[in-house]
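Pasting run27.txt here (compact mmCIF, C-alpha atoms):
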# COMPACT_ATOMS: atom_id res chain seq x y z
CA MET A 1 35.98 0.68 -11.77
CA ASN A 2 36.61 -1.28 -8.56
CA CYS A 3 34.85 -4.43 -7.32
CA ASN A 4 32.32 -2.54 -5.17
CA GLN A 5 31.29 -0.27 -8.02
CA CYS A 6 31.12 -3.26 -10.34
CA ARG A 7 28.79 -5.13 -7.97
CA GLU A 8 26.54 -2.09 -7.59
CA HIS A 9 25.96 -2.13 -11.34
CA MET A 10 25.23 -5.82 -11.71
CA GLU A 11 21.44 -5.61 -11.39
CA ALA A 12 21.25 -2.78 -13.88
CA TYR A 13 23.52 -4.74 -16.22
CA LEU A 14 21.23 -7.78 -16.06
CA LYS A 15 18.16 -5.59 -16.66
CA GLY A 16 19.88 -3.96 -19.62
CA SER A 17 19.55 -0.56 -18.00
CA LEU A 18 23.22 0.12 -17.24
CA ALA A 19 24.11 3.65 -18.35
CA PRO A 20 26.30 3.61 -21.48
CA GLU A 21 29.11 5.49 -19.72
CA ASN A 22 29.28 2.70 -17.11
CA ALA A 23 28.92 -0.25 -19.47
CA GLU A 24 32.41 -0.20 -20.90
CA PRO A 25 34.31 0.13 -17.57
CA PHE A 26 31.98 -2.50 -16.09
CA GLU A 27 32.76 -5.05 -18.77
CA ARG A 28 36.46 -4.23 -18.69
CA HIS A 29 36.52 -4.84 -14.93
CA LEU A 30 34.72 -8.16 -15.37
CA GLU A 31 37.29 -9.34 -17.88
CA GLY A 32 40.05 -8.95 -15.35
CA CYS A 33 38.26 -9.98 -12.13
CA ILE A 34 37.27 -13.59 -11.59
CA GLY A 35 35.60 -12.76 -8.25
CA CYS A 36 33.19 -10.32 -9.88
CA ARG A 37 32.50 -12.75 -12.72
CA GLU A 38 31.50 -15.40 -10.15
CA GLU A 39 29.45 -12.84 -8.27
CA LEU A 40 27.70 -11.82 -11.47
CA GLU A 41 26.86 -15.45 -12.18
CA GLN A 42 25.17 -15.78 -8.77
CA VAL A 43 23.31 -12.50 -9.23
CA ARG A 44 22.19 -13.74 -12.65
CA LYS A 45 20.86 -17.00 -11.16
CA LEU A 46 18.94 -15.16 -8.46
CA HIS A 47 17.60 -12.78 -11.08
CA ALA A 48 16.47 -15.71 -13.23
CA ALA A 49 14.87 -17.54 -10.29
CA LEU A 50 12.85 -14.44 -9.37
CA SER A 51 11.88 -13.75 -12.97
CA ALA A 52 10.52 -17.29 -13.34
CA TRP A 53 7.86 -16.65 -10.71
CA GLN A 54 4.68 -15.95 -12.65
CA VAL A 55 1.49 -14.42 -11.32
CA PRO A 56 -1.55 -16.68 -11.82
CA ALA A 57 -4.28 -15.54 -14.17
CA ALA A 58 -7.06 -13.53 -12.59
CA SER A 59 -10.18 -15.40 -11.55
CA PRO A 60 -12.99 -15.53 -14.13
CA GLY A 61 -15.00 -12.33 -14.19
CA PHE A 62 -12.37 -10.25 -12.41
CA GLU A 63 -12.23 -7.61 -15.15
CA THR A 64 -16.03 -7.34 -15.27
CA ARG A 65 -16.31 -7.07 -11.50
CA LEU A 66 -13.59 -4.45 -11.37
CA ALA A 67 -15.18 -2.40 -14.15
CA ALA A 68 -18.57 -2.59 -12.42
CA ARG A 69 -17.17 -1.48 -9.07
CA VAL A 70 -15.26 1.39 -10.64
CA ARG A 71 -18.40 2.51 -12.48
CA GLU A 72 -20.36 2.28 -9.23
CA ALA A 73 -17.75 4.37 -7.38
CA GLN A 74 -17.74 6.88 -10.20
CA ALA A 75 -21.56 7.14 -10.12
CA ARG A 76 -21.53 7.56 -6.33
CA LEU A 77 -19.00 10.35 -6.66
CA GLY A 78 -21.17 12.02 -9.32
CA ARG A 79 -24.25 11.83 -7.09
CA ARG A 80 -22.35 13.32 -4.17
CA ARG A 81 -21.06 16.20 -6.29
CA ALA A 82 -24.57 16.87 -7.62
CA TRP A 83 -25.96 16.89 -4.10
CA TYR A 84 -23.34 19.34 -2.86
CA ALA A 85 -24.05 21.56 -5.86
CA GLN A 86 -27.74 21.90 -4.99
CA PRO A 87 -28.81 25.44 -3.95
CA ALA A 88 -31.22 23.90 -1.43
CA TRP A 89 -28.31 22.25 0.34
CA LEU A 90 -26.39 25.53 0.49
CA GLY A 91 -29.47 27.27 1.93
CA ALA A 92 -29.87 24.57 4.54
CA ALA A 93 -26.17 24.77 5.45
CA ALA A 94 -26.38 28.57 5.80
CA GLY A 95 -29.50 28.22 7.95
CA LEU A 96 -27.72 25.70 10.15
CA VAL A 97 -24.77 28.04 10.65
CA VAL A 98 -27.10 30.88 11.63
CA ALA A 99 -29.03 28.62 14.01
CA VAL A 100 -25.85 27.34 15.69
CA GLY A 101 -24.50 30.88 16.00
CA ALA A 102 -27.73 32.11 17.59
CA ALA A 103 -27.80 29.17 19.99
CA VAL A 104 -24.23 29.86 21.10
CA TRP A 105 -25.00 33.54 21.53
CA TRP A 106 -28.00 32.95 23.75
CA TRP A 107 -26.79 29.85 25.49
CA PRO A 108 -27.28 30.16 29.29
CA TRP A 109 -23.79 28.76 29.90
CA ARG A 110 -22.25 31.95 28.62
CA ALA A 111 -19.91 33.25 31.26
CA GLU A 112 -21.61 36.64 31.53
CA VAL A 113 -24.89 35.16 32.63
CA ARG A 114 -23.75 32.05 34.39
CA PRO A 115 -24.55 32.45 38.05
CA GLY A 116 -21.70 31.90 40.44
CA ARG A 117 -19.02 32.09 37.77
CA GLU A 118 -17.06 34.75 39.67
CA ALA A 119 -17.10 32.70 42.85
CA PHE A 120 -16.03 29.63 40.91
CA GLU A 121 -13.01 31.36 39.42
CA VAL A 122 -11.98 32.84 42.74
CA ALA A 123 -12.23 29.42 44.41
CA LEU A 124 -10.23 27.83 41.61
CA ALA A 125 -7.49 30.45 41.88
CA GLN A 126 -7.38 29.82 45.63
CA ASP A 127 -7.34 26.05 45.37
CA LEU A 128 -4.65 25.91 42.76
CA ASP A 129 -2.49 28.56 44.41
CA LEU A 130 -2.39 30.59 41.25
CA TYR A 131 -1.88 34.07 42.71
CA GLU A 132 1.85 34.05 42.13
CA ASN A 133 1.31 33.70 38.39
CA LEU A 134 -1.62 36.02 37.82
CA ASP A 135 0.16 37.97 35.07
CA LEU A 136 0.81 34.81 33.14
CA LEU A 137 -2.73 33.58 33.62
CA GLU A 138 -4.13 36.88 32.42
CA ASP A 139 -2.13 36.54 29.23
CA LEU A 140 -3.54 33.08 28.72
CA ASP A 141 -7.08 34.45 29.04
CA LEU A 142 -8.19 31.65 31.31
CA PHE A 143 -10.32 33.73 33.64
CA GLU A 144 -12.78 36.48 33.02
CA HIS A 145 -13.32 37.95 36.45
CA TRP A 146 -9.92 39.38 37.30
CA GLU A 147 -11.21 42.05 39.57
CA GLU A 148 -12.82 39.54 41.91
CA ILE A 149 -9.78 37.26 41.87
CA GLU A 150 -7.31 40.09 42.51
CA SER A 151 -9.43 41.48 45.32
CA VAL A 152 -9.03 38.28 47.31
CA ASP A 153 -6.24 38.19 49.85
CA PRO A 154 -4.13 35.12 49.08
CA SER A 155 -3.14 34.83 52.70
CA ALA A 156 -6.80 34.38 53.54
CA LYS A 157 -6.77 30.94 51.87
CA GLU A 158 -8.09 28.28 54.18
CA PRO A 159 -5.62 25.59 55.18
CA SER A 160 -6.38 22.32 53.44
CA MET B 161 7.89 13.13 -1.71
CA ARG B 162 6.50 16.42 -2.88
CA GLY B 163 8.62 17.65 -5.72
CA PRO B 164 8.17 19.34 -9.04
CA ILE B 165 5.33 17.98 -11.12
CA VAL B 166 6.47 15.08 -13.23
CA ARG B 167 4.69 15.05 -16.54
CA ASP B 168 3.97 11.61 -17.84
CA GLU B 169 1.50 10.42 -20.43
CA ASP B 170 -0.90 9.14 -17.79
CA ILE B 171 -1.38 12.64 -16.44
CA ASP B 172 -3.13 13.58 -19.66
CA TRP B 173 -5.57 10.73 -19.07
CA VAL B 174 -6.05 11.82 -15.48
CA GLU B 175 -6.79 15.39 -16.53
CA ARG B 176 -9.29 14.23 -19.13
CA TRP B 177 -10.96 12.07 -16.52
CA GLN B 178 -11.05 14.93 -14.01
CA ALA B 179 -12.67 17.03 -16.72
CA GLY B 180 -15.47 14.48 -17.01
CA ASP B 181 -14.25 12.03 -19.67
CA GLU B 182 -14.98 8.62 -18.15
CA THR B 183 -13.32 6.76 -21.02
CA ALA B 184 -10.02 8.17 -19.76
CA LEU B 185 -10.58 6.41 -16.44
CA THR B 186 -11.35 3.18 -18.27
CA ALA B 187 -8.09 3.56 -20.17
CA LEU B 188 -6.15 4.00 -16.92
CA VAL B 189 -7.87 1.01 -15.32
CA ASN B 190 -7.14 -1.17 -18.34
CA LYS B 191 -3.53 -0.08 -18.41
CA TYR B 192 -2.77 -0.67 -14.75
CA ARG B 193 -5.26 -3.36 -13.67
CA GLU B 194 -2.91 -6.29 -14.14
CA ARG B 195 0.13 -4.50 -12.79
CA VAL B 196 -1.62 -3.53 -9.57
CA ARG B 197 -3.00 -7.05 -9.21
CA ALA B 198 0.47 -8.53 -9.80
CA VAL B 199 2.06 -6.27 -7.18
CA ALA B 200 -0.61 -7.19 -4.64
CA TYR B 201 -0.34 -10.88 -5.53
CA ARG B 202 3.42 -11.02 -5.11
CA PHE B 203 3.13 -9.14 -1.83
CA LEU B 204 0.30 -11.19 -0.30
CA GLN B 205 0.56 -14.37 -2.38
CA ASN B 206 -3.18 -14.79 -2.37
CA ARG B 207 -5.15 -14.39 -5.59
CA THR B 208 -8.45 -13.37 -3.99
CA GLU B 209 -6.86 -10.76 -1.75
CA ALA B 210 -4.82 -9.45 -4.67
CA GLU B 211 -7.96 -8.98 -6.77
CA ASP B 212 -9.73 -7.26 -3.87
CA ILE B 213 -6.80 -4.92 -3.46
CA ALA B 214 -6.70 -4.14 -7.18
CA GLN B 215 -10.40 -3.24 -7.05
CA GLU B 216 -10.01 -1.18 -3.90
CA THR B 217 -7.01 0.67 -5.35
CA PHE B 218 -9.05 1.93 -8.28
CA ILE B 219 -12.02 2.76 -6.08
CA ARG B 220 -9.74 4.87 -3.89
CA LEU B 221 -8.44 6.52 -7.03
CA VAL B 222 -12.00 7.40 -8.08
CA GLN B 223 -12.78 8.74 -4.62
CA ALA B 224 -9.70 10.95 -4.79
CA ARG B 225 -10.51 12.29 -8.26
CA ASP B 226 -11.07 15.89 -7.23
CA ARG B 227 -8.22 15.93 -4.72
CA TYR B 228 -5.57 14.26 -6.86
CA ARG B 229 -2.83 16.63 -8.02
CA PRO B 230 0.03 15.08 -9.94
CA SER B 231 3.08 15.57 -7.74
CA ALA B 232 4.57 12.23 -8.74
CA LYS B 233 4.28 9.81 -11.60
CA PHE B 234 0.77 8.40 -11.81
CA SER B 235 1.98 4.80 -11.50
CA SER B 236 3.76 5.72 -8.25
CA TYR B 237 0.50 7.14 -6.94
CA LEU B 238 -1.37 3.94 -7.76
CA PHE B 239 1.34 1.72 -6.28
CA THR B 240 1.34 3.88 -3.16
CA ILE B 241 -2.37 3.20 -2.68
CA ALA B 242 -1.85 -0.49 -3.41
CA ASN B 243 1.06 -0.68 -0.96
CA ARG B 244 -1.03 0.83 1.84
CA LEU B 245 -3.87 -1.56 1.12
CA CYS B 246 -1.44 -4.49 1.13
CA LEU B 247 -0.07 -3.38 4.51
CA ASN B 248 -3.65 -3.09 5.81
CA ALA B 249 -4.31 -6.61 4.58
CA LEU B 250 -1.22 -7.87 6.42
CA ARG B 251 -2.38 -6.18 9.61
CA HIS B 252 -5.83 -7.70 9.12
CA ARG B 253 -4.24 -11.15 8.76
CA LYS B 254 -2.36 -10.67 12.02
CA ARG B 255 -5.55 -9.70 13.82
CA HIS B 256 -7.57 -12.49 12.20
CA PRO B 257 -5.14 -15.35 11.72
CA ALA B 258 -7.77 -17.82 10.48
CA GLN B 259 -6.40 -19.76 7.54
CA SER B 260 -7.97 -18.94 4.20
CA LEU B 261 -8.51 -21.48 1.45
CA GLU B 262 -5.76 -19.81 -0.50
CA ALA B 263 -3.27 -19.10 2.24
CA PRO B 264 0.14 -17.61 1.52
CA VAL B 265 2.91 -20.13 1.00
CA SER B 266 4.53 -19.48 4.34
CA ALA B 267 1.36 -20.66 6.07
CA ASP B 268 1.03 -23.68 3.86
CA PRO B 269 4.50 -25.09 3.22
CA GLU B 270 3.27 -28.37 1.78
CA ALA B 271 1.00 -26.79 -0.81
CA PRO B 272 2.08 -27.30 -4.41
CA ALA B 273 2.88 -24.34 -6.58
CA ARG B 274 -0.45 -23.06 -7.77
CA GLN B 275 0.57 -21.29 -10.92
CA TRP B 276 2.97 -22.02 -13.67
CA ALA B 277 3.42 -21.68 -17.36
CA ASP B 278 2.00 -24.34 -19.63
CA PRO B 279 3.77 -27.51 -18.39
CA ALA B 280 3.10 -29.36 -21.64
CA ALA B 281 5.87 -27.41 -23.32
CA VAL B 282 8.71 -28.74 -21.12
CA PRO B 283 9.73 -32.19 -19.84
CA ALA B 284 8.09 -33.42 -16.62
CA ALA B 285 11.32 -33.46 -14.60
CA GLN B 286 12.04 -29.88 -15.57
CA VAL B 287 8.49 -28.86 -14.66
CA LEU B 288 8.92 -30.40 -11.22
CA GLU B 289 12.24 -28.67 -10.69
CA GLU B 290 10.83 -25.35 -11.85
CA GLU B 291 7.76 -25.73 -9.65
CA GLU B 292 9.95 -26.48 -6.68
CA GLN B 293 12.11 -23.48 -7.44
CA SER B 294 9.03 -21.27 -7.80
CA LEU B 295 7.73 -22.47 -4.46
CA MET B 296 11.08 -21.72 -2.83
CA VAL B 297 11.13 -18.26 -4.36
CA ARG B 298 7.63 -17.55 -3.10
CA ARG B 299 8.48 -18.71 0.39
CA ALA B 300 11.67 -16.67 0.42
CA VAL B 301 9.88 -13.51 -0.76
CA ASP B 302 7.07 -14.08 1.72
CA ARG B 303 9.60 -14.14 4.56
CA LEU B 304 10.97 -10.69 3.71
CA PRO B 305 9.81 -7.75 5.86
CA PRO B 306 7.05 -5.72 4.13
CA ASP B 307 9.23 -2.78 3.07
CA GLU B 308 11.94 -5.02 1.64
CA ARG B 309 9.32 -7.15 -0.10
CA MET B 310 7.56 -4.20 -1.74
CA ALA B 311 10.87 -2.60 -2.73
CA LEU B 312 11.94 -5.86 -4.37
CA ILE B 313 8.59 -6.31 -6.15
CA LEU B 314 8.65 -2.81 -7.55
CA ASP B 315 12.29 -3.07 -8.54
CA HIS B 316 12.47 -6.56 -9.97
CA TRP B 317 9.04 -7.27 -11.43
CA GLU B 318 7.69 -3.77 -12.03
CA ASP B 319 11.05 -2.37 -13.12
CA GLN B 320 10.43 0.88 -11.28
CA PRO B 321 13.41 3.22 -10.87
CA LEU B 322 14.73 3.91 -7.39
CA GLU B 323 13.14 7.35 -7.14
CA ARG B 324 9.68 5.92 -7.89
CA ILE B 325 10.12 3.18 -5.29
CA ALA B 326 11.20 5.86 -2.83
CA GLU B 327 7.97 7.77 -3.57
CA VAL B 328 5.82 4.70 -3.01
CA LEU B 329 7.53 3.72 0.23
CA ARG B 330 8.04 7.32 1.35
CA LYS B 331 11.72 6.72 1.90
CA SER B 332 14.94 8.24 0.65
CA ILE B 333 16.74 6.73 -2.33
CA PRO B 334 19.66 5.50 -0.16
CA ALA B 335 17.11 3.87 2.16
CA VAL B 336 15.54 2.08 -0.81
CA LYS B 337 18.99 0.94 -1.98
CA SER B 338 19.56 -0.45 1.47
CA LEU B 339 16.20 -2.25 1.46
CA LEU B 340 16.98 -3.83 -1.90
CA PHE B 341 20.48 -4.85 -0.82
CA ARG B 342 19.15 -6.52 2.32
CA ALA B 343 16.30 -8.21 0.45
CA ARG B 344 18.65 -9.70 -2.16
CA ALA B 345 21.17 -10.77 0.47
CA LYS B 346 18.42 -12.64 2.32
CA LEU B 347 17.13 -14.21 -0.89
CA ARG B 348 20.62 -15.42 -1.81
CA ILE B 349 20.77 -17.21 1.52
CA SER B 350 17.23 -18.61 1.25
CA LEU B 351 17.77 -19.69 -2.35
CA ALA B 352 21.37 -20.75 -2.03
CA ALA B 353 20.52 -24.16 -3.46
CA TYR B 354 19.54 -22.51 -6.72
CA VAL B 355 21.90 -19.57 -6.78
CA GLN B 356 25.13 -21.39 -5.97
CA LYS B 357 24.73 -24.63 -7.88
Kindly return the structure encoded in the file as structure tokens.
Amino acid sequence: MNCNQCREHMEAYLKGSLAPENAEPFERHLEGCIGCREELEQVRKLHAALSAWQVPAASPGFETRLAARVREAQARLGRRRAWYAQPAWLGAAAGLVVAVGAAVWWWPWRAEVRPGREAFEVALAQDLDLYENLDLLEDLDLFEHWEEIESVDPSAKEPS
Amino acid sequence: MRGPIVRDEDIDWVERWQAGDETALTALVNKYRERVRAVAYRFLQNRTEAEDIAQETFIRLVQARDRYRPSAKFSSYLFTIANRLCLNALRHRKRHPAQSLEAPVSADPEAPARQWADPAAVPAAQVLEEEEQSLMVRRAVDRLPPDERMALILDHWEDQPLERIAEVLRKSIPAVKSLLFRARAKLRISLAAYVQK
């Protein structure tokens, strides 16, 4: 064992957790190395200084308060689970899904019924100079009214 | 951090609790209450905040009851929650720097050590020296960056192995070794008066 390996094991040695296969070479190295013995002494002092730092006792009633809060959290969790398990809640959730679906289906903003949508897309394609990349845009499914857009002559774009 | 499931005795308690046995939760709380509080105290050096964090840690545990799947040792899971709450508390302190009645030692360098073993058992001069040393240790630990501080707390006082510390801090084992090396090197400088005499 060399000095670096010896120093790596010092904390474990002080904690008594040095693996048995390392203990013997570690101690043999220490016997012959004054530098590592001095280093170990400093590590031991630091270890002792840290170990002497005690945590103060908890404030009075801490355990009771903690137990009460944990019980409260547990009860809240139980109530939430019971609520989610209610058939009435499931019925309401299903009804909500159906209602939202119906609203989306009939919503007047839907592209098919939105007045002026074709003109809007054509104008957008003109403004943004998108004609060169129509194939790519079609793949991206950004527009719905391809026939109208493709029927426009790009050269007819008004100068800005 | 996700690895094979590590089976430890606490997992049996967790499974009993998840199956509806509330006494199992009480057993876990009783087993870890003081350890979580101690970790939070050494990190924040404020008794009130440490107790709040201990409470909040177990509340978070309760809230996660149905989601919790043991992919690490249970103690690592608890310390992970506690570590995040401690970091949140540090961030809160930075945003609200008003001094509390029980401020950390770095903010109150003249404050006497607030906790110590029964002083009646040792001579007065030794008590003073030990109190001074304790204060220096607390200041030195308080000056460490959060990751180094938590790594040191889990290693030295909680005696957690490197792989558990790595789980808590979400770092690799070599990174944890590096954190511990740096933390101890800084402490040896800060506490040179005690380490080198």
Using only C-alpha atoms, which residues of range 201-258 of chain B come within 10 Å of range 295-312 of chain B, and what is the closest atom pair for each, with the distance in Å to one decimal? Give it as JSON lines, sorted by chain and residue number.
{"residue": "B:Arg202", "atom": "CA", "partner": "B:Arg298", "partner_atom": "CA", "distance": 8.0}
{"residue": "B:Phe203", "atom": "CA", "partner": "B:Met310", "partner_atom": "CA", "distance": 6.6}
{"residue": "B:Leu204", "atom": "CA", "partner": "B:Asp302", "partner_atom": "CA", "distance": 7.6}
{"residue": "B:Gln205", "atom": "CA", "partner": "B:Asp302", "partner_atom": "CA", "distance": 7.7}
{"residue": "B:Phe239", "atom": "CA", "partner": "B:Met310", "partner_atom": "CA", "distance": 9.7}
{"residue": "B:Asn243", "atom": "CA", "partner": "B:Met310", "partner_atom": "CA", "distance": 7.4}
{"residue": "B:Cys246", "atom": "CA", "partner": "B:Pro306", "partner_atom": "CA", "distance": 9.1}
{"residue": "B:Leu247", "atom": "CA", "partner": "B:Pro306", "partner_atom": "CA", "distance": 7.5}
{"residue": "B:Leu250", "atom": "CA", "partner": "B:Pro306", "partner_atom": "CA", "distance": 8.8}
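Of the listed residues (A:Gln54, A:Asn2, A:Ser151, A:Thr64), A:Gln54 comes nearest to chain B; the distances count all atoms listed in the file.
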Next item on the list: Provide as a PyMOL selection string the residues of chain B at most 6 Å from chain A, counting all atoms listed in the file.
Entry: chain B and resi 215+219+275+294+355
Notebook entry, point to check: Which polymer residues have any atom within 12 Å of an atom of Leu314 in chain B, counting only C-alpha atoms, with same-chain residues fewer than 2 positions away left out, as a PyMOL selection string?
Noted result: chain B and resi 195-196+198-200+202-203+235-236+239-240+242-243+307-312+316-329+336+339-340
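A straight line drawn from CA of Glu216 in chain B to CA of Glu169 in chain B is 23.2 Å long.
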Checklist line | Coordinates-based distance that separates CA of Glu194 in chain B from CA of Ala214 in chain B (Å, one decimal) | finding: 8.2 Å
